file work-v9.tsv (TSV, C-alpha atoms)
chain	number	residue	atom	x	y	z
A	14	MET	CA	-22.75	16.81	-102.55
A	15	SER	CA	-21.01	19.86	-101.13
A	16	LEU	CA	-17.92	21.48	-102.61
A	17	ALA	CA	-15.86	20.07	-99.73
A	18	HIS	CA	-17.03	16.50	-100.32
A	19	ASP	CA	-16.50	16.85	-104.08
A	20	LEU	CA	-12.94	18.04	-103.43
A	21	LEU	CA	-12.22	15.08	-101.17
A	22	GLU	CA	-13.56	12.72	-103.82
A	23	GLN	CA	-11.39	14.47	-106.39
A	24	ALA	CA	-8.32	14.10	-104.16
A	25	ASN	CA	-8.94	10.36	-104.02
A	26	HIS	CA	-9.35	10.24	-107.77
A	27	LEU	CA	-6.08	12.07	-108.34
A	28	ALA	CA	-4.17	9.87	-105.88
A	29	ASN	CA	-5.31	6.75	-107.73
A	30	ARG	CA	-5.33	8.14	-111.25
A	31	GLU	CA	-2.19	6.29	-112.31
A	32	PRO	CA	-2.30	3.09	-110.23
A	33	LYS	CA	1.16	1.76	-111.13
A	34	ARG	CA	3.31	4.81	-111.73
A	35	PRO	CA	1.64	7.81	-110.14
A	36	ARG	CA	2.73	11.12	-111.61
A	37	GLN	CA	4.10	13.67	-109.19
A	38	ALA	CA	1.64	16.20	-110.59
A	39	SER	CA	-1.31	13.96	-109.68
A	40	LEU	CA	0.01	13.27	-106.19
A	41	ARG	CA	0.73	16.93	-105.52
A	42	ARG	CA	-2.69	18.02	-106.69
A	43	ALA	CA	-4.27	15.26	-104.59
A	44	VAL	CA	-2.61	16.59	-101.40
A	45	SER	CA	-3.50	20.18	-102.19
A	46	THR	CA	-7.09	19.25	-103.03
A	47	ALA	CA	-7.46	17.26	-99.81
A	48	TYR	CA	-6.34	20.30	-97.81
A	49	TYR	CA	-8.86	22.52	-99.57
A	50	ALA	CA	-11.59	19.97	-98.91
A	51	LEU	CA	-11.02	20.42	-95.18
A	52	PHE	CA	-10.58	24.20	-95.55
A	53	HIS	CA	-13.95	24.48	-97.27
A	54	VAL	CA	-15.85	22.17	-94.94
A	55	LEU	CA	-14.89	24.46	-92.05
A	56	ILE	CA	-15.52	27.72	-93.85
A	57	SER	CA	-18.86	26.64	-95.29
A	58	ASP	CA	-20.01	25.62	-91.83
A	59	ALA	CA	-18.73	28.83	-90.27
A	60	ILE	CA	-20.49	31.12	-92.72
A	61	SER	CA	-23.72	29.11	-92.55
A	62	HIS	CA	-24.23	30.52	-89.05
A	63	TRP	CA	-24.35	34.09	-90.38
A	64	ASN	CA	-28.02	34.86	-90.85
A	65	LYS	CA	-27.66	37.15	-93.84
A	66	PRO	CA	-27.10	34.68	-96.71
A	67	GLN	CA	-26.20	37.43	-99.17
A	68	GLN	CA	-23.15	38.35	-97.03
A	69	ARG	CA	-21.79	34.83	-96.60
A	70	ALA	CA	-19.56	34.79	-99.69
A	71	GLN	CA	-17.91	38.02	-98.58
A	72	MET	CA	-17.50	36.66	-95.08
A	73	ALA	CA	-15.80	33.55	-96.48
A	74	ARG	CA	-13.12	35.80	-97.96
A	75	GLY	CA	-12.16	36.89	-94.44
A	76	PHE	CA	-10.63	33.55	-93.48
A	77	GLU	CA	-6.84	33.41	-93.68
A	78	HIS	CA	-4.73	30.27	-93.83
A	79	THR	CA	-2.17	31.32	-91.20
A	80	ALA	CA	-4.76	32.55	-88.72
A	81	MET	CA	-6.71	29.31	-89.16
A	82	LYS	CA	-3.56	27.31	-88.52
A	83	ASP	CA	-2.72	29.29	-85.40
A	84	ALA	CA	-6.24	28.81	-84.03
A	85	SER	CA	-6.10	25.10	-84.83
A	86	LYS	CA	-2.74	24.68	-83.09
A	87	LYS	CA	-4.21	26.14	-79.91
A	88	ILE	CA	-6.81	23.37	-79.75
A	89	ALA	CA	-4.13	20.77	-78.94
A	90	GLY	CA	-3.20	22.40	-75.63
A	91	LYS	CA	-6.53	23.96	-74.73
A	92	ASP	CA	-8.23	23.07	-71.44
A	93	PHE	CA	-11.67	21.58	-72.18
A	94	ARG	CA	-12.30	20.17	-68.71
A	95	ASN	CA	-16.02	20.95	-68.70
A	96	SER	CA	-16.66	19.37	-72.08
A	97	ASP	CA	-17.45	15.84	-73.20
A	98	PRO	CA	-14.05	14.15	-73.67
A	99	GLY	CA	-15.30	12.26	-76.71
A	100	MET	CA	-16.33	15.48	-78.42
A	101	VAL	CA	-13.04	17.11	-77.45
A	102	GLY	CA	-11.25	14.20	-79.11
A	103	HIS	CA	-13.17	14.75	-82.32
A	104	LEU	CA	-12.43	18.46	-82.30
A	105	ARG	CA	-8.73	17.79	-81.72
A	106	THR	CA	-8.75	15.34	-84.63
A	107	VAL	CA	-10.13	18.05	-86.92
A	108	ALA	CA	-7.78	20.77	-85.69
A	109	ALA	CA	-4.66	18.60	-85.89
A	110	ALA	CA	-5.64	17.46	-89.39
A	111	PHE	CA	-5.98	21.09	-90.43
A	112	VAL	CA	-2.50	22.02	-89.17
A	113	ASN	CA	-0.94	18.96	-90.77
A	114	MET	CA	-2.68	19.33	-94.09
A	115	GLN	CA	-1.79	22.99	-94.40
A	116	GLN	CA	1.89	22.09	-94.12
A	117	TYR	CA	1.60	19.25	-96.65
A	118	ARG	CA	-0.40	21.44	-99.01
A	119	HIS	CA	2.34	24.05	-98.90
A	120	ALA	CA	4.97	21.43	-99.72
A	121	ALA	CA	2.79	19.97	-102.48
A	122	ASP	CA	2.18	23.31	-104.13
A	123	TYR	CA	5.58	24.98	-103.73
A	124	SER	CA	8.43	22.61	-102.84
A	125	TYR	CA	10.54	21.28	-105.67
A	126	ALA	CA	12.55	19.29	-103.13
A	127	THR	CA	9.64	17.13	-102.04
A	128	LYS	CA	9.08	13.90	-103.93
A	129	TRP	CA	5.76	12.33	-103.06
A	130	ALA	CA	5.02	8.65	-102.58
A	131	LYS	CA	1.52	7.31	-103.04
A	132	THR	CA	1.46	5.97	-99.47
A	133	GLU	CA	2.11	9.46	-98.07
A	134	VAL	CA	-0.68	10.90	-100.18
A	135	GLN	CA	-3.15	8.16	-99.27
A	136	ASP	CA	-2.31	8.73	-95.63
A	137	HIS	CA	-2.99	12.45	-95.90
A	138	ILE	CA	-6.30	11.84	-97.67
A	139	ALA	CA	-7.24	9.37	-94.94
A	140	THR	CA	-6.43	12.06	-92.37
A	141	VAL	CA	-8.89	14.41	-94.04
A	142	THR	CA	-11.50	11.67	-94.36
A	143	GLU	CA	-11.24	11.03	-90.61
A	144	ALA	CA	-11.45	14.76	-89.94
A	145	PHE	CA	-14.64	14.95	-92.00
A	146	ALA	CA	-16.16	12.14	-89.94
A	147	SER	CA	-15.13	13.78	-86.66
A	148	TRP	CA	-16.44	17.14	-87.79
A	149	GLN	CA	-19.81	15.63	-88.66
A	150	ILE	CA	-20.06	14.40	-85.05
A	151	VAL	CA	-18.83	17.50	-83.24
A	152	ARG	CA	-19.95	20.35	-85.51
A	153	ASN	CA	-22.99	21.43	-83.49
A	154	GLU	CA	-21.26	21.37	-80.10
A	155	LYS	CA	-20.34	24.61	-78.38
A	156	ILE	CA	-16.63	23.79	-78.53
A	157	ALA	CA	-16.91	23.38	-82.31
A	158	LEU	CA	-18.81	26.63	-82.74
A	159	ASP	CA	-16.20	28.42	-80.63
A	160	TYR	CA	-13.50	26.84	-82.80
A	161	LEU	CA	-15.17	28.12	-85.97
A	162	MET	CA	-15.27	31.60	-84.47
A	163	SER	CA	-11.58	31.37	-83.53
A	164	LEU	CA	-10.71	30.55	-87.15
A	165	LEU	CA	-11.99	33.96	-88.20
A	166	VAL	CA	-11.53	36.17	-85.17
A	167	LYS	CA	-8.14	36.26	-83.50
A	168	GLU	CA	-8.20	35.82	-79.73
A	169	ARG	CA	-7.25	39.00	-77.88
A	170	LYS	CA	-5.08	38.85	-74.80
A	171	ASP	CA	-6.60	41.86	-73.01
B	17	MET	CA	10.12	38.54	-77.29
B	18	PRO	CA	9.26	35.07	-78.65
B	19	GLN	CA	10.72	32.19	-76.65
B	20	LEU	CA	12.84	29.56	-78.33
B	21	ALA	CA	11.09	26.18	-78.30
B	22	ARG	CA	12.65	23.83	-75.74
B	23	GLY	CA	12.95	21.20	-78.46
B	24	ILE	CA	15.29	23.55	-80.33
B	25	ALA	CA	17.07	25.11	-77.32
B	26	GLN	CA	17.68	21.68	-75.78
B	27	ALA	CA	17.69	19.54	-78.90
B	28	ALA	CA	20.39	17.26	-77.50
B	29	GLU	CA	18.08	16.33	-74.62
B	30	LEU	CA	15.29	15.48	-77.01
B	31	VAL	CA	17.63	13.43	-79.18
B	32	LYS	CA	18.55	11.45	-76.05
B	33	LYS	CA	14.87	10.76	-75.45
B	34	PHE	CA	14.49	9.48	-79.00
B	35	ASN	CA	17.61	7.36	-78.67
B	36	GLU	CA	15.85	5.51	-75.86
B	37	LEU	CA	13.40	4.28	-78.50
B	38	ALA	CA	16.08	3.07	-80.89
B	39	HIS	CA	15.59	-0.56	-79.95
B	40	VAL	CA	11.83	-0.49	-79.60
B	41	ARG	CA	10.22	-2.59	-82.29
B	42	ILE	CA	7.18	-0.89	-83.80
B	43	PRO	CA	5.05	-3.24	-85.94
B	44	GLY	CA	5.41	-2.51	-89.66
B	45	VAL	CA	8.13	0.11	-89.19
B	46	VAL	CA	11.44	-0.61	-90.91
B	47	LYS	CA	13.21	2.66	-90.16
B	48	TRP	CA	12.41	6.11	-88.83
B	49	ARG	CA	14.21	9.41	-88.91
B	50	TYR	CA	13.39	12.93	-87.82
B	51	THR	CA	14.47	16.44	-88.67
B	52	PHE	CA	14.06	19.67	-86.74
B	53	GLU	CA	12.77	22.36	-89.05
B	54	ASN	CA	10.40	25.26	-89.14
B	55	ASP	CA	7.07	24.64	-90.80
B	56	TRP	CA	6.05	26.77	-93.76
B	57	SER	CA	4.93	29.64	-91.55
B	58	GLY	CA	8.11	29.67	-89.46
B	59	ASP	CA	6.87	27.78	-86.40
B	60	PRO	CA	9.27	25.25	-84.88
B	61	ALA	CA	8.39	21.71	-85.83
B	62	ILE	CA	9.68	18.17	-86.00
B	63	PHE	CA	9.22	16.05	-89.09
B	64	PHE	CA	9.20	12.27	-88.87
B	65	TRP	CA	10.17	10.25	-91.94
B	66	VAL	CA	9.00	6.70	-91.46
B	67	THR	CA	9.72	3.80	-93.80
B	68	LEU	CA	7.25	0.92	-93.56
B	69	ASN	CA	7.39	-2.57	-94.90
B	70	ASP	CA	5.24	-2.97	-97.99
B	71	GLU	CA	2.54	-4.96	-96.21
B	72	ALA	CA	2.15	-2.37	-93.45
B	73	SER	CA	1.85	0.46	-95.97
B	74	LYS	CA	-1.11	-1.06	-97.80
B	75	PRO	CA	-4.23	1.12	-97.45
B	76	ALA	CA	-5.97	-1.48	-95.28
B	77	ASN	CA	-3.06	-1.54	-92.81
B	78	LEU	CA	-1.71	1.98	-92.97
B	79	ARG	CA	-3.86	3.58	-90.24
B	80	LYS	CA	-3.06	0.86	-87.75
B	81	THR	CA	0.66	1.09	-88.48
B	82	LYS	CA	0.63	4.87	-88.34
B	83	ASN	CA	-1.33	4.95	-85.08
B	84	GLY	CA	1.11	2.46	-83.56
B	85	PHE	CA	4.08	4.61	-84.47
B	86	ILE	CA	2.49	7.84	-83.24
B	87	ALA	CA	1.40	6.19	-79.97
B	88	THR	CA	4.99	5.02	-79.38
B	89	ILE	CA	6.26	8.58	-79.80
B	90	ASN	CA	3.43	10.17	-77.79
B	91	ASN	CA	3.83	7.73	-74.91
B	92	HIS	CA	7.48	8.71	-74.65
B	93	VAL	CA	7.50	12.46	-75.29
B	94	ASP	CA	4.93	15.25	-75.30
B	95	LEU	CA	6.25	17.14	-78.30
B	96	PRO	CA	3.86	20.12	-78.43
B	97	GLY	CA	3.45	20.39	-74.63
B	98	ASP	CA	6.93	19.79	-73.22
B	99	TRP	CA	9.12	20.58	-76.21
B	100	GLY	CA	7.20	23.24	-78.13
B	101	LEU	CA	7.38	21.33	-81.40
B	102	PHE	CA	4.44	20.44	-83.60
B	103	PRO	CA	4.97	16.97	-85.11
B	104	TYR	CA	4.45	16.15	-88.78
B	105	TYR	CA	4.46	12.48	-89.76
B	106	ASN	CA	5.36	11.11	-93.17
B	107	PHE	CA	5.05	7.45	-94.08
B	108	ARG	CA	6.12	5.59	-97.19
B	109	SER	CA	6.85	1.98	-98.14
B	110	GLN	CA	10.26	0.39	-98.62
B	111	SER	CA	9.50	-0.12	-102.32
B	112	GLU	CA	8.59	3.52	-102.78
B	113	GLN	CA	11.71	4.70	-100.98
B	114	ALA	CA	13.85	2.34	-103.10
B	115	LYS	CA	12.56	4.19	-106.17
B	116	LEU	CA	12.47	7.74	-104.82
B	117	LYS	CA	15.71	7.55	-102.78
B	118	ASP	CA	14.78	10.52	-100.62
B	119	GLU	CA	17.65	11.53	-98.32
B	120	VAL	CA	15.44	12.47	-95.40
B	121	TYR	CA	14.21	8.89	-95.15
B	122	GLU	CA	17.73	7.36	-95.21
call {"tool": "encode", "arguments": {"input": "work-v9.tsv", "output": "structure tokens"}}
result
Amino acid sequence: MSLAHDLLEQANHLANREPKRPRQASLRRAVSTAYYALFHVLISDAISHWNKPQQRAQMARGFEHTAMKDASKKIAGKDFRNSDPGMVGHLRTVAAAFVNMQQYRHAADYSYATKWAKTEVQDHIATVTEAFASWQIVRNEKIALDYLMSLLVKERKD
Amino acid sequence: MPQLARGIAQAAELVKKFNELAHVRIPGVVKWRYTFENDWSGDPAIFFWVTLNDEASKPANLRKTKNGFIATINNHVDLPGDWGLFPYYNFRSQSEQAKLKDEVYE
């Protein structure tokens, strides 16, 4: 299994580690791990298209959370009129999940004010699981390849 | 100069739109609230805090309940398109809220 799939499995494990009285630490780590599962599935796919394998690890370091969020937010309002609507739906599922999970991950890792309930965490993990499934379907489409590029290279206005 | 999101500049208008949904029954939903906030990176956002009955929050039912709630909102307002707000949805059960007593859900 890939790192991304292992992380998603680990997020599930953490969310269900204490079935009756889940610890906040387990729930927080579950949310954070689920986000990183999605983060890594996108990055590993993006760098796999670079045909110099020895440079891929360095290339992976070039992805930034905020830039990836900004690129993902743009997918919601982007005009895909010449593309298969089903595939566009899958891409939008992935991009929206990325934006959402980045916010939740930030709260899980840094916010003392947030108290997590197991239902919230299970919902977020389900969001990532759905995003994985959608990505599997759309990942070789042009719109998905363009999306991967946009995660790394900021769109210029000129 | 960055433009203020319409959902922030005209928040009262958006609140009116949500008030129109106050009496709409959404299966599994006991109560819902929202807050206007910036997300972690400073972008304007709206956070929904949705309390579900315990049955609706079970893993087997959660997606259906969540999708029903989100569809109700989306059919009424286009938050990113018309109001410039990215929505974040949070769902928990009545039992969980009774224990956690989180103000944003009350």
call {"tool": "interface_residues", "arguments": {"input": "work-v9.tsv", "of": "chain A", "to": "chain B", "cutoff": "9 Å", "atoms": "all atoms listed in the file", "output": "PyMOL selection string"}}
result
chain A and resi 79+86+89-90+113+115-117+119-120+127-133+135-137+139
call {"tool": "atom_distance", "arguments": {"input": "work-v9.tsv", "atom1": "atom CA of A:Pro32", "atom2": "atom CA of A:Ser45"}}
result
18.9 Å
call {"tool": "residues_near_point", "arguments": {"input": "work-v9.tsv", "point": "(13.7, 5.8, -89.7)", "cutoff": "12 Å", "atoms": "only C-alpha atoms", "output": "PyMOL selection string"}}
result
chain B and resi 34-35+37-39+41-42+44-51+63-69+85+105-110+113+118-122
call {"tool": "write_last_selection", "arguments": {"input": "work-v9.tsv", "atoms": "C-alpha atoms", "output": "mmCIF file, in the frame of the given file"}}
result
data_model
loop_
_atom_site.group_PDB
_atom_site.id
_atom_site.type_symbol
_atom_site.label_atom_id
_atom_site.label_comp_id
_atom_site.auth_asym_id
_atom_site.auth_seq_id
_atom_site.Cartn_x
_atom_site.Cartn_y
_atom_site.Cartn_z
ATOM 1 C CA PHE B 34 14.490 9.480 -79.000
ATOM 2 C CA ASN B 35 17.610 7.360 -78.670
ATOM 3 C CA LEU B 37 13.400 4.280 -78.500
ATOM 4 C CA ALA B 38 16.080 3.070 -80.890
ATOM 5 C CA HIS B 39 15.590 -0.560 -79.950
ATOM 6 C CA ARG B 41 10.220 -2.590 -82.290
ATOM 7 C CA ILE B 42 7.180 -0.890 -83.800
ATOM 8 C CA GLY B 44 5.410 -2.510 -89.660
ATOM 9 C CA VAL B 45 8.130 0.110 -89.190
ATOM 10 C CA VAL B 46 11.440 -0.610 -90.910
ATOM 11 C CA LYS B 47 13.210 2.660 -90.160
ATOM 12 C CA TRP B 48 12.410 6.110 -88.830
ATOM 13 C CA ARG B 49 14.210 9.410 -88.910
ATOM 14 C CA TYR B 50 13.390 12.930 -87.820
ATOM 15 C CA THR B 51 14.470 16.440 -88.670
ATOM 16 C CA PHE B 63 9.220 16.050 -89.090
ATOM 17 C CA PHE B 64 9.200 12.270 -88.870
ATOM 18 C CA TRP B 65 10.170 10.250 -91.940
ATOM 19 C CA VAL B 66 9.000 6.700 -91.460
ATOM 20 C CA THR B 67 9.720 3.800 -93.800
ATOM 21 C CA LEU B 68 7.250 0.920 -93.560
ATOM 22 C CA ASN B 69 7.390 -2.570 -94.900
ATOM 23 C CA PHE B 85 4.080 4.610 -84.470
ATOM 24 C CA TYR B 105 4.460 12.480 -89.760
ATOM 25 C CA ASN B 106 5.360 11.110 -93.170
ATOM 26 C CA PHE B 107 5.050 7.450 -94.080
ATOM 27 C CA ARG B 108 6.120 5.590 -97.190
ATOM 28 C CA SER B 109 6.850 1.980 -98.140
ATOM 29 C CA GLN B 110 10.260 0.390 -98.620
ATOM 30 C CA GLN B 113 11.710 4.700 -100.980
ATOM 31 C CA ASP B 118 14.780 10.520 -100.620
ATOM 32 C CA GLU B 119 17.650 11.530 -98.320
ATOM 33 C CA VAL B 120 15.440 12.470 -95.400
ATOM 34 C CA TYR B 121 14.210 8.890 -95.150
ATOM 35 C CA GLU B 122 17.730 7.360 -95.210
#
call {"tool": "atom_distance", "arguments": {"input": "work-v9.tsv", "atom1": "atom CA of A:Thr106", "atom2": "atom CA of A:Ala144"}}
result
6.0 Å
call {"tool": "atom_distance", "arguments": {"input": "work-v9.tsv", "atom1": "atom CA of A:Gln71", "atom2": "atom CA of A:Val112"}}
result
24.1 Å
call {"tool": "closest_residue", "arguments": {"input": "work-v9.tsv", "among": "A:Gln68, A:Ser147, A:Thr140, A:Ser124", "to": "A:Val101", "atoms": "only C-alpha atoms"}}
result
A:Ser147
call {"tool": "residues_around", "arguments": {"input": "work-v9.tsv", "residues": "B:Ala21", "least_positions_apart": "5", "cutoff": "8 Å", "atoms": "only C-alpha atoms", "output": "mmCIF file with C-alpha atoms, in the frame of the given file"}}
result
data_model
loop_
_atom_site.group_PDB
_atom_site.id
_atom_site.type_symbol
_atom_site.label_atom_id
_atom_site.label_comp_id
_atom_site.auth_asym_id
_atom_site.auth_seq_id
_atom_site.Cartn_x
_atom_site.Cartn_y
_atom_site.Cartn_z
ATOM 1 C CA PRO B 60 9.270 25.250 -84.880
ATOM 2 C CA TRP B 99 9.120 20.580 -76.210
ATOM 3 C CA GLY B 100 7.200 23.240 -78.130
ATOM 4 C CA LEU B 101 7.380 21.330 -81.400
#
